[in-house]
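These notes concern the structure reproduced below.
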Amino acid sequence: MLKKLSFLAVLLLCLQAAAFAQKADDIIGKWLNPTGEGQIQIYKKGSQYFGKLAWMKAPNDEATGKPRTDIHNPDAALHQRPLLGLELLKSFVHDGDDVYEDGSIYDPKNGKTYSCKMTLNGNKLKIRGYIGISLIGRTEVFTRVK
């Protein structure tokens with residue numbers, strides 16, 4: 001009887017861990033930014049979450065017709081890298097709720113990288129970039145692409 005109870009307890013713990021991992025992975029997928037100009041593809045590497053620019057409404061520069069590049073990056077050596085496919089979200093950790101913390105976000109419009117946290121609420125993803133503390137920052141709400 002004791003062996004059966006021990007086995008059942010271990011089984012329940014394994015099921016709970018699997019359910020927790022599945023809930024953490026709910027963030028994986030494509031997300032449309034608030035202006036509708038771009039989509040971020042969020043994926044998992046190891047136990048952390050990352051996001052790359054997967055689609056742009058205007059992927060090419062109007063003047064040259066060539067793909068848009070990272071011209072605002074403070075590192076001049078990176079000015080020629082294409083924006084499409086660029087990893088913008090890095091190293092997020094799921095905290096057990098619907099929050100993903102300890103990551104960073106790169107803004108290609110100004111070439112700056114900010115601390116960041118994300119909060120998942122159904123088909124909405126709040127992405128908050130900030131400097132120092134979370135109170136000083138900006139939040140944008142992305143919508144899941146179906």
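Order determines the names: the first chain of the structure tokens is A, the second B, and so forth; residues in each chain are numbered 1 upward, and ligands are numbered 1 upward as they are shown.
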
Subject >> stretch 102-132 of chain A: residues DSSP assigns to strand (DSSP E or B), reported as a list in words >> reply: Asp102, Gly103, Ser104, Ile105, Tyr106, Asp107, Lys112, Thr113, Tyr114, Ser115, Cys116, Lys117, Met118, Thr119, Leu120, Asn121, Lys124, Leu125, Lys126, Ile127, Arg128, Gly129 and Tyr130 of chain A

Those same residues, written as a compact mmCIF listing (two decimals), in the first residue's frame with C-alpha atoms?
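New file selection.txt:
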```txt
# COMPACT_ATOMS: atom_id res chain seq x y z
CA ASP A 102 14.91 39.20 -16.55
CA GLY A 103 15.02 39.71 -20.31
CA SER A 104 15.90 42.57 -22.60
CA ILE A 105 14.35 44.20 -25.65
CA TYR A 106 16.20 45.89 -28.49
CA ASP A 107 14.43 48.80 -30.22
CA LYS A 112 18.80 51.07 -27.66
CA THR A 113 18.42 47.98 -25.50
CA TYR A 114 16.17 48.06 -22.43
CA SER A 115 15.42 45.77 -19.53
CA CYS A 116 12.10 44.12 -20.16
CA LYS A 117 9.32 42.04 -18.73
CA MET A 118 6.35 40.47 -20.47
CA THR A 119 2.92 39.57 -19.12
CA LEU A 120 0.68 37.13 -20.95
CA ASN A 121 -3.08 37.59 -20.72
CA LYS A 124 -2.64 39.75 -25.41
CA LEU A 125 1.01 40.16 -24.49
CA LYS A 126 2.10 43.23 -22.53
CA ILE A 127 5.73 44.02 -23.24
CA ARG A 128 7.27 46.59 -20.90
CA GLY A 129 10.68 48.02 -21.68
CA TYR A 130 12.32 50.08 -18.96
```

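Atom pair atom CA of A:Val141 / atom CA of A:Ser47: separated by 23.8 Å.
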
Original post:
From the list A:Gly65, A:Gly85, A:Gly36, A:Gly29, which residue is nearest A:Leu53 when using only C-alpha atoms?
Top reply: A:Gly85

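Ranking A:Glu101, A:Val93, A:Pro34, A:Ala24 by their shortest atom-to-atom distance to A:Glu140, with only C-alpha atoms included, puts A:Pro34 first.
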